[in-house]
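Just model.txt here, compact mmCIF, C-alpha atoms:
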```txt
# COMPACT_ATOMS: atom_id res chain seq x y z
CA MET P 1 6.37 -10.86 34.31
CA SER P 2 10.02 -11.28 33.37
CA LYS P 3 9.50 -10.79 29.62
CA VAL P 4 8.93 -7.17 28.54
CA LEU P 5 8.24 -5.87 25.03
CA ASP P 6 9.78 -2.40 24.92
CA ILE P 7 8.00 0.35 23.02
CA VAL P 8 11.04 1.50 21.00
CA PRO P 9 11.85 -1.91 19.44
CA LEU P 10 8.15 -2.43 18.76
CA ARG P 11 8.02 0.88 16.90
CA SER P 12 10.98 -0.20 14.76
CA PHE P 13 9.32 -3.56 14.10
CA VAL P 14 6.11 -1.92 12.87
CA ALA P 15 8.13 0.55 10.78
CA ILE P 16 9.75 -2.39 8.96
CA ALA P 17 6.31 -3.62 7.90
CA ASP P 18 4.98 -0.18 7.01
CA SER P 19 8.08 0.94 5.12
CA GLY P 20 8.88 -2.30 3.33
CA GLY P 21 12.22 -3.21 4.87
CA PHE P 22 14.96 -2.47 7.39
CA HIS P 23 16.63 0.28 5.36
CA ARG P 24 13.43 2.24 4.75
CA ALA P 25 12.37 1.78 8.37
CA ALA P 26 15.69 3.24 9.52
CA LEU P 27 15.22 6.27 7.27
CA ARG P 28 11.66 6.75 8.50
CA LEU P 29 12.72 6.62 12.16
CA SER P 30 15.97 8.57 11.67
CA LEU P 31 17.95 5.59 12.95
CA THR P 32 20.76 3.50 11.53
CA GLN P 33 19.87 0.20 9.91
CA SER P 34 22.03 -1.48 12.53
CA ALA P 35 19.90 0.02 15.29
CA VAL P 36 16.71 -1.28 13.67
CA SER P 37 18.28 -4.73 13.36
CA GLN P 38 19.28 -4.64 17.03
CA HIS P 39 15.70 -3.79 17.97
CA VAL P 40 14.46 -6.87 16.12
CA ARG P 41 17.08 -9.07 17.79
CA LYS P 42 15.99 -7.72 21.17
CA LEU P 43 12.38 -8.68 20.48
CA GLU P 44 13.51 -12.11 19.29
CA ALA P 45 15.47 -12.57 22.51
CA VAL P 46 12.41 -11.71 24.58
CA LEU P 47 10.12 -14.05 22.66
CA GLY P 48 12.73 -16.77 22.16
CA THR P 49 12.08 -17.25 18.44
CA LYS P 50 12.87 -15.77 15.04
CA LEU P 51 10.61 -12.95 13.87
CA VAL P 52 12.07 -12.38 10.40
CA GLU P 53 13.70 -14.76 7.95
CA PRO P 54 15.49 -14.46 4.60
CA SER P 55 13.31 -14.35 1.48
CA GLY P 56 15.15 -13.93 -1.80
CA ARG P 57 17.17 -10.75 -1.54
CA GLY P 58 15.05 -9.45 1.32
CA THR P 59 13.31 -10.71 4.42
CA ARG P 60 9.82 -11.65 5.49
CA PHE P 61 8.03 -12.06 8.79
CA THR P 62 7.74 -15.51 10.33
CA ARG P 63 4.39 -16.69 11.64
CA THR P 64 5.32 -15.38 15.09
CA GLY P 65 6.52 -12.15 13.48
CA GLU P 66 3.14 -11.65 11.81
CA ALA P 67 1.40 -12.31 15.13
CA LEU P 68 3.68 -9.85 16.91
CA LEU P 69 2.99 -7.22 14.25
CA THR P 70 -0.71 -7.33 15.07
CA GLU P 71 -0.05 -7.10 18.80
CA ALA P 72 2.56 -4.36 18.33
CA ARG P 73 0.13 -2.12 16.45
CA GLN P 74 -2.38 -2.44 19.27
CA ILE P 75 0.26 -1.79 21.94
CA LEU P 76 1.60 1.29 20.17
CA ALA P 77 -1.87 2.66 19.52
CA SER P 78 -2.80 2.25 23.21
CA HIS P 79 0.53 3.74 24.31
CA ASP P 80 0.26 6.80 22.06
CA GLN P 81 -3.37 7.41 22.99
CA ALA P 82 -2.47 7.22 26.69
CA VAL P 83 0.34 9.73 26.26
CA GLU P 84 -1.99 12.05 24.39
CA ARG P 85 -4.61 11.84 27.14
CA LEU P 86 -2.06 12.46 29.89
CA VAL P 87 0.13 15.19 28.41
CA GLY P 88 -1.85 16.42 25.44
CA HIS P 89 -0.39 17.12 22.04
CA GLU P 90 0.68 20.16 20.09
CA GLN P 91 -0.37 19.07 16.64
CA GLN P 92 -3.22 16.95 15.39
CA THR P 93 -2.27 14.03 13.15
CA LEU P 94 -4.28 12.36 10.41
CA MET P 95 -3.02 8.94 9.30
CA VAL P 96 -4.21 7.99 5.82
CA GLY P 97 -3.69 4.41 4.70
CA THR P 98 -3.94 3.58 1.01
CA THR P 99 -2.98 1.00 -1.54
CA GLU P 100 -0.09 1.90 -3.84
CA HIS P 101 -2.33 1.84 -6.91
CA ALA P 102 -2.52 5.26 -8.60
CA ALA P 103 -0.86 6.94 -5.62
CA ASP P 104 1.01 9.29 -7.97
CA ASP P 105 -2.30 10.69 -9.16
CA LEU P 106 -4.36 10.56 -5.96
CA LEU P 107 -2.03 11.74 -3.18
CA PRO P 108 -1.12 15.20 -4.55
CA GLU P 109 -4.80 16.17 -4.61
CA ILE P 110 -5.35 14.87 -1.08
CA MET P 111 -2.33 16.74 0.26
CA ALA P 112 -3.23 19.95 -1.55
CA GLN P 113 -6.80 20.05 -0.25
CA LEU P 114 -5.79 19.15 3.31
CA ALA P 115 -3.09 21.84 3.25
CA THR P 116 -5.71 24.38 2.16
CA GLU P 117 -8.42 23.48 4.66
CA PHE P 118 -6.27 22.20 7.55
CA PRO P 119 -2.88 23.93 7.27
CA ASP P 120 -1.83 22.92 10.82
CA LEU P 121 -2.73 19.25 10.39
CA ASP P 122 0.12 16.73 10.42
CA VAL P 123 -0.79 14.33 7.61
CA GLN P 124 0.96 10.96 7.40
CA PHE P 125 0.53 8.14 4.90
CA ARG P 126 0.89 4.38 5.08
CA PHE P 127 0.95 2.13 2.00
CA ASP P 128 -0.24 -1.43 2.38
CA ARG P 129 -2.53 -4.10 1.02
CA THR P 130 -6.29 -3.93 1.40
CA THR P 131 -6.61 -6.52 4.17
CA ARG P 132 -3.96 -4.89 6.35
CA LEU P 133 -5.42 -1.43 5.81
CA ASN P 134 -8.80 -2.57 7.08
CA GLU P 135 -7.16 -4.29 10.04
CA ALA P 136 -5.34 -1.05 10.85
CA VAL P 137 -8.61 0.89 10.91
CA ASP P 138 -10.09 -1.68 13.28
CA GLN P 139 -6.99 -1.44 15.49
CA GLY P 140 -7.06 2.36 15.51
CA SER P 141 -3.68 2.95 13.86
CA ILE P 142 -5.15 4.44 10.65
CA ASP P 143 -7.76 7.18 10.49
CA VAL P 144 -8.80 6.78 6.86
CA ALA P 145 -8.24 3.65 4.77
CA VAL P 146 -8.52 3.75 0.97
CA TYR P 147 -8.63 0.28 -0.55
CA VAL P 148 -9.69 -1.80 -3.54
CA ALA P 149 -13.32 -2.87 -3.16
CA GLU P 150 -12.87 -6.10 -5.11
CA ALA P 151 -10.14 -7.20 -2.68
CA SER P 152 -12.28 -6.86 0.44
CA ASN P 153 -15.59 -7.93 1.91
CA VAL P 154 -15.52 -5.07 4.42
CA ASP P 155 -18.15 -2.38 3.93
CA GLY P 156 -17.04 1.16 3.15
CA VAL P 157 -18.07 4.12 1.04
CA GLU P 158 -17.22 4.09 -2.66
CA VAL P 159 -15.09 7.01 -3.83
CA GLY P 160 -14.70 6.12 -7.50
CA ALA P 161 -13.30 3.74 -10.08
CA LEU P 162 -9.70 3.18 -11.11
CA PRO P 163 -9.19 2.41 -14.80
CA LEU P 164 -6.83 -0.47 -15.52
CA ARG P 165 -4.40 -0.08 -18.41
CA TRP P 166 -1.71 -2.24 -19.97
CA CYS P 167 1.77 -0.74 -19.83
CA SER P 168 5.24 -1.77 -20.94
CA SER P 169 8.60 -0.31 -21.80
CA PRO P 170 8.52 1.64 -25.10
CA ASP P 171 10.56 -0.94 -26.99
CA PHE P 172 8.78 -4.06 -25.70
CA GLU P 173 7.25 -6.19 -28.46
CA LEU P 174 4.56 -8.81 -28.00
CA PRO P 175 5.96 -12.32 -28.56
CA ALA P 176 4.82 -14.06 -31.71
CA VAL P 177 4.55 -17.58 -30.29
CA GLN P 178 5.43 -18.05 -26.63
CA PRO P 179 3.11 -17.01 -23.77
CA LEU P 180 2.81 -13.30 -23.09
CA PRO P 181 5.24 -12.37 -20.26
CA LEU P 182 3.41 -10.66 -17.43
CA VAL P 183 4.77 -8.64 -14.51
CA ALA P 184 2.39 -8.48 -11.53
CA ILE P 185 2.05 -8.07 -7.79
CA GLN P 186 2.36 -11.28 -5.80
CA ALA P 187 -0.85 -13.28 -5.36
CA PRO P 188 -3.36 -12.75 -3.98
CA CYS P 189 -3.89 -9.55 -5.95
CA THR P 190 -7.12 -8.36 -7.59
CA ILE P 191 -5.37 -6.65 -10.50
CA ARG P 192 -3.12 -9.65 -11.15
CA SER P 193 -6.23 -11.87 -11.30
CA ALA P 194 -7.98 -9.39 -13.59
CA ALA P 195 -5.02 -9.40 -15.98
CA LEU P 196 -4.85 -13.19 -16.20
CA SER P 197 -8.64 -13.50 -16.56
CA ALA P 198 -8.83 -10.93 -19.35
CA LEU P 199 -6.03 -12.58 -21.31
CA SER P 200 -7.51 -16.04 -20.82
CA ALA P 201 -10.95 -14.84 -21.99
CA HIS P 202 -9.33 -13.74 -25.25
CA ASP P 203 -7.32 -16.96 -25.63
CA ILE P 204 -4.03 -15.18 -25.05
CA PRO P 205 -1.65 -17.50 -23.18
CA ALA P 206 0.28 -15.67 -20.48
CA ARG P 207 2.93 -16.44 -17.92
CA VAL P 208 3.93 -14.38 -14.89
CA VAL P 209 7.67 -13.93 -15.36
CA ALA P 210 8.20 -11.55 -12.44
CA ASP P 211 6.18 -10.60 -9.42
CA GLY P 212 6.77 -8.18 -6.60
CA ALA P 213 5.48 -7.54 -3.12
CA TYR P 214 4.93 -3.90 -3.98
CA LEU P 215 3.83 -1.92 -7.03
CA ALA P 216 7.26 -0.32 -7.37
CA GLY P 217 8.73 -3.73 -8.18
CA VAL P 218 6.13 -4.29 -10.87
CA ILE P 219 6.80 -0.89 -12.44
CA ASN P 220 10.56 -1.51 -12.39
CA GLY P 221 10.14 -4.95 -13.95
CA ALA P 222 7.98 -3.64 -16.78
CA ARG P 223 10.31 -0.67 -17.26
CA ALA P 224 13.21 -3.12 -17.63
CA GLY P 225 11.38 -4.87 -20.45
CA LEU P 226 10.56 -8.11 -18.62
CA GLY P 227 6.96 -8.03 -19.78
CA VAL P 228 3.68 -6.14 -19.74
CA ALA P 229 1.93 -4.99 -16.57
CA LEU P 230 -1.69 -4.14 -15.87
CA VAL P 231 -1.76 -1.04 -13.66
CA ALA P 232 -4.34 1.33 -12.23
CA LEU P 233 -3.90 4.39 -14.39
CA PRO P 234 -6.17 7.43 -13.90
CA GLY P 235 -3.46 9.64 -15.40
CA SER P 236 -0.31 9.28 -17.47
CA PRO P 237 1.81 6.10 -17.34
CA PRO P 238 4.71 6.05 -14.87
CA ALA P 239 8.01 7.37 -16.18
CA GLY P 240 9.69 4.89 -18.49
CA LEU P 241 6.44 3.15 -19.47
CA VAL P 242 3.94 3.60 -22.27
CA GLU P 243 0.30 2.58 -22.44
CA ARG P 244 -0.51 -0.31 -24.78
CA PHE P 245 -3.67 -0.58 -26.84
CA ASP P 246 -3.04 -4.00 -28.42
CA LEU P 247 -4.29 -6.07 -25.48
CA PRO P 248 -7.85 -6.71 -24.21
CA GLU P 249 -9.62 -4.00 -22.25
CA VAL P 250 -10.06 -4.73 -18.55
CA ALA P 251 -12.90 -3.46 -16.39
CA PRO P 252 -11.89 -0.88 -13.76
CA VAL P 253 -11.58 -1.66 -10.08
CA HIS P 254 -13.35 0.43 -7.47
CA LEU P 255 -11.90 2.30 -4.53
CA MET P 256 -13.62 2.26 -1.17
CA ALA P 257 -12.84 4.21 1.98
CA ARG P 258 -13.37 3.62 5.68
CA VAL P 259 -13.01 6.20 8.45
CA ARG P 260 -11.95 5.15 11.93
CA HIS P 261 -14.52 5.73 14.63
CA GLY P 262 -13.39 8.83 16.51
CA ALA P 263 -11.24 10.21 13.68
CA ASP P 264 -11.53 13.88 12.71
CA ALA P 265 -14.65 13.73 10.53
CA ALA P 266 -14.00 17.05 8.80
CA ALA P 267 -10.45 16.15 7.81
CA ALA P 268 -11.54 12.68 6.70
CA ASP P 269 -14.24 14.26 4.54
CA VAL P 270 -11.57 16.32 2.78
CA VAL P 271 -9.76 13.10 1.88
CA LEU P 272 -12.94 11.57 0.46
CA ARG P 273 -13.78 14.70 -1.53
CA ALA P 274 -10.26 14.85 -2.96
CA LEU P 275 -10.45 11.22 -4.05
CA ARG P 276 -13.86 11.61 -5.63
CA SER P 277 -12.90 14.75 -7.57
CA THR P 278 -9.65 13.22 -8.85
CA LEU P 279 -11.29 9.99 -9.97
CA ALA P 280 -14.23 11.85 -11.51
CA ARG P 281 -11.85 13.94 -13.62
CA ALA P 282 -10.03 10.79 -14.74
CA GLU P 283 -13.34 9.19 -15.73
CA ALA P 284 -14.38 12.28 -17.66
CA LEU P 285 -11.10 12.34 -19.59
CA ALA P 286 -11.45 8.67 -20.43
CA ALA P 287 -15.03 9.09 -21.71
```

Target encoding structure tokens, full file:
Amino acid sequence: MSKVLDIVPLRSFVAIADSGGFHRAALRLSLTQSAVSQHVRKLEAVLGTKLVEPSGRGTRFTRTGEALLTEARQILASHDQAVERLVGHEQQTLMVGTTEHAADDLLPEIMAQLATEFPDLDVQFRFDRTTRLNEAVDQGSIDVAVYVAEASNVDGVEVGALPLRWCSSPDFELPAVQPLPLVAIQAPCTIRSAALSALSAHDIPARVVADGAYLAGVINGARAGLGVALVALPGSPPAGLVERFDLPEVAPVHLMARVRHGADAAAADVVLRALRSTLARAEALAA
């Protein structure tokens, strides 16, 4: 075959998806942003089509780009497993994939318990949406996936519930007449839907004034005073936000977990125990 997909550009391509952009991918891979861009152009030259395209201030994958991302994950997983079989490895790695929701509260406990019970384990994290996390488990690129149950029809083990709270900037005031401005993650999103449903059930008109591909964008939008945001909040609100008690209560969402077949069962169990203990404490405090 005359067309060859090189491993290095493929690794950069996947890093763009996992990190949320060219700049973050470059930091993750210890490369320049120019080098990451060159890798993408090389893949586009091989396939003869565009893989990314402008989207607002950023970029997004084209249909071919999305297809390549799936193939690239499989190629890299097979490549890395082959290298491990042939030359061995010095350090065991555990890849944990999770949604961004409540990461500030959940990840420290996971890292602390893994550091205690598996001090030599190389733990890595990937943040993504529920569907992609489950796909990654199936493809073998994630060992443990932690995802929102309501956003998936894939079976897993429940690890606990995430309370949903309304948050806004401290000086944000509810409008007297016009629809309530809402900041949310781009659809489809379970928490976005829950927010709109709860407001509608209480005859509170609402309008999404800003949405983001990632939770960080939602937090920044609410912090800037654009509107209110419904967030998973087992602990304190993010810096710059306050919890609001003048809007309808919303039922919690549930976290599920899946462990890749062949993953280190003992290490994966530590992750599940850490999640359960953290969420149980949050539930007890809320009671």

Exercise. Closest to Gly21 (chain P) among P:Ile204, P:Tyr214, P:Asp80, P:Arg85, using all atoms listed in the file?
Worked result: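 Closest to Gly21 (chain P) of all the choices is P:Tyr214.
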
Problem set entry | Top pick for closest residue to Leu133 (chain P), considering P:Arg260, P:Thr62, P:Pro237, P:Val8 and counting all atoms listed in the file |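 Counting all atoms listed in the file, the residue closest to Leu133 (chain P) is P:Arg260.
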
Exercise. Within 10 Å of Ala26 (chain P), counting all atoms listed in the file, which residues qualify if same-chain residues fewer than 3 places away don't, as a PyMOL selection string?
Worked result: chain P and resi 12+15-16+19+21-23+29-37

Expected file: the selected residues, C-alpha atoms, as an mmCIF file, in the coordinates of the input:
```cif
data_model
loop_
_atom_site.group_PDB
_atom_site.id
_atom_site.type_symbol
_atom_site.label_atom_id
_atom_site.label_comp_id
_atom_site.auth_asym_id
_atom_site.auth_seq_id
_atom_site.Cartn_x
_atom_site.Cartn_y
_atom_site.Cartn_z
ATOM 1 C CA SER P 12 10.980 -0.200 14.760
ATOM 2 C CA ALA P 15 8.130 0.550 10.780
ATOM 3 C CA ILE P 16 9.750 -2.390 8.960
ATOM 4 C CA SER P 19 8.080 0.940 5.120
ATOM 5 C CA GLY P 21 12.220 -3.210 4.870
ATOM 6 C CA PHE P 22 14.960 -2.470 7.390
ATOM 7 C CA HIS P 23 16.630 0.280 5.360
ATOM 8 C CA LEU P 29 12.720 6.620 12.160
ATOM 9 C CA SER P 30 15.970 8.570 11.670
ATOM 10 C CA LEU P 31 17.950 5.590 12.950
ATOM 11 C CA THR P 32 20.760 3.500 11.530
ATOM 12 C CA GLN P 33 19.870 0.200 9.910
ATOM 13 C CA SER P 34 22.030 -1.480 12.530
ATOM 14 C CA ALA P 35 19.900 0.020 15.290
ATOM 15 C CA VAL P 36 16.710 -1.280 13.670
ATOM 16 C CA SER P 37 18.280 -4.730 13.360
#
```

Problem set entry | Who sits within 7 Å of region 112-123 of chain P, all atoms listed in the file, same chain under 5 positions skipped, as a PyMOL selection string | chain P and resi 91-95+270+274

Any chance you could export the current selection's C-alpha atoms as a PDB file, in the coordinates of the input?
```pdb
ATOM      1  CA  GLN P  91      -0.370  19.070  16.640  1.00  0.00           C
ATOM      2  CA  GLN P  92      -3.220  16.950  15.390  1.00  0.00           C
ATOM      3  CA  THR P  93      -2.270  14.030  13.150  1.00  0.00           C
ATOM      4  CA  LEU P  94      -4.280  12.360  10.410  1.00  0.00           C
ATOM      5  CA  MET P  95      -3.020   8.940   9.300  1.00  0.00           C
ATOM      6  CA  VAL P 270     -11.570  16.320   2.780  1.00  0.00           C
ATOM      7  CA  ALA P 274     -10.260  14.850  -2.960  1.00  0.00           C
TER       8      ALA P 274
END
```

For this session: Tell me which of P:Leu279, P:Met256, P:Cys167, P:Ala198 sits closest to Val148 (chain P), counting all atoms listed in the file.
Result: P:Met256

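Counting all atoms listed in the file, the residue from P:Leu69, P:Leu164, P:Ala232, P:Leu226 that sits nearest to Glu135 (chain P) is P:Leu69.
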
Exercise. Do you have the CA of Val177 (chain P)-CA of Ala213 (chain P) distance handy?
Worked result: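 A separation of 29.0 Å between them.
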
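Of the listed residues (P:Glu100, P:Glu249, P:Glu84, P:Asp105), P:Glu249 comes nearest to Trp166 (chain P); the distances count all atoms listed in the file.
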
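Going from CA of Leu241 (chain P) to CA of Ala222 (chain P) covers 7.5 Å.
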
Exercise. Suppose you want the space between CA of Thr49 (chain P) and CA of Asp6 (chain P); what is it in Å?
Worked result: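 It comes out at 16.4 Å.
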
Problem set entry | Contact residues around Asp269 (chain P) with all atoms listed in the file at 10 Å, ignoring same-chain residues under 4 positions, as a list of chain:residue names | P:Leu114, P:Val144, P:Val259, P:Asp264, P:Ala265, P:Arg273, P:Ala274, P:Leu275

Seminar exercise, completed: Using only C-alpha atoms, the best pick from P:Ser168, P:Thr59, P:Thr70, P:Thr130 as closest to Leu180 (chain P) would be P:Ser168

For this session: Just give me the residues with any atom within 9 Å of (1.2, 6.0, 8.2), file coordinates, counting only C-alpha atoms, written as a list in words.
Result: Asp18, Leu94, Met95, Val96, Gly97, Val123, Gln124, Phe125, Arg126, Phe127, Ser141 and Ile142 of chain P

For this session: Pick out the residues sitting within 8 Å of Gln139 (chain P), and hand them over as number ranges by chain; count all atoms listed in the file, and ignore anything fewer than 4 positions along from it in its own chain.
Result: P: 73-74, 77, 135

Those same residues - C-alpha atoms - I'd like them written as a CSV table (one decimal), in the coordinates of the input.
```csv
chain,number,residue,atom,x,y,z
P,73,ARG,CA,0.1,-2.1,16.4
P,74,GLN,CA,-2.4,-2.4,19.3
P,77,ALA,CA,-1.9,2.7,19.5
P,135,GLU,CA,-7.2,-4.3,10.0
```

Problem set entry | Shell around Gly65 (chain P) at 12 Å using all atoms listed in the file, local window under 6 positions removed, as a list in words |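 Those residues are Leu10, Phe13, Val14, Ile16, Ala17, Val40, Arg41, Leu43, Glu44, Leu47, Gly48, Thr49, Lys50, Leu51, Val52, Glu53, Thr59, Glu71 and Ala72 of chain P.
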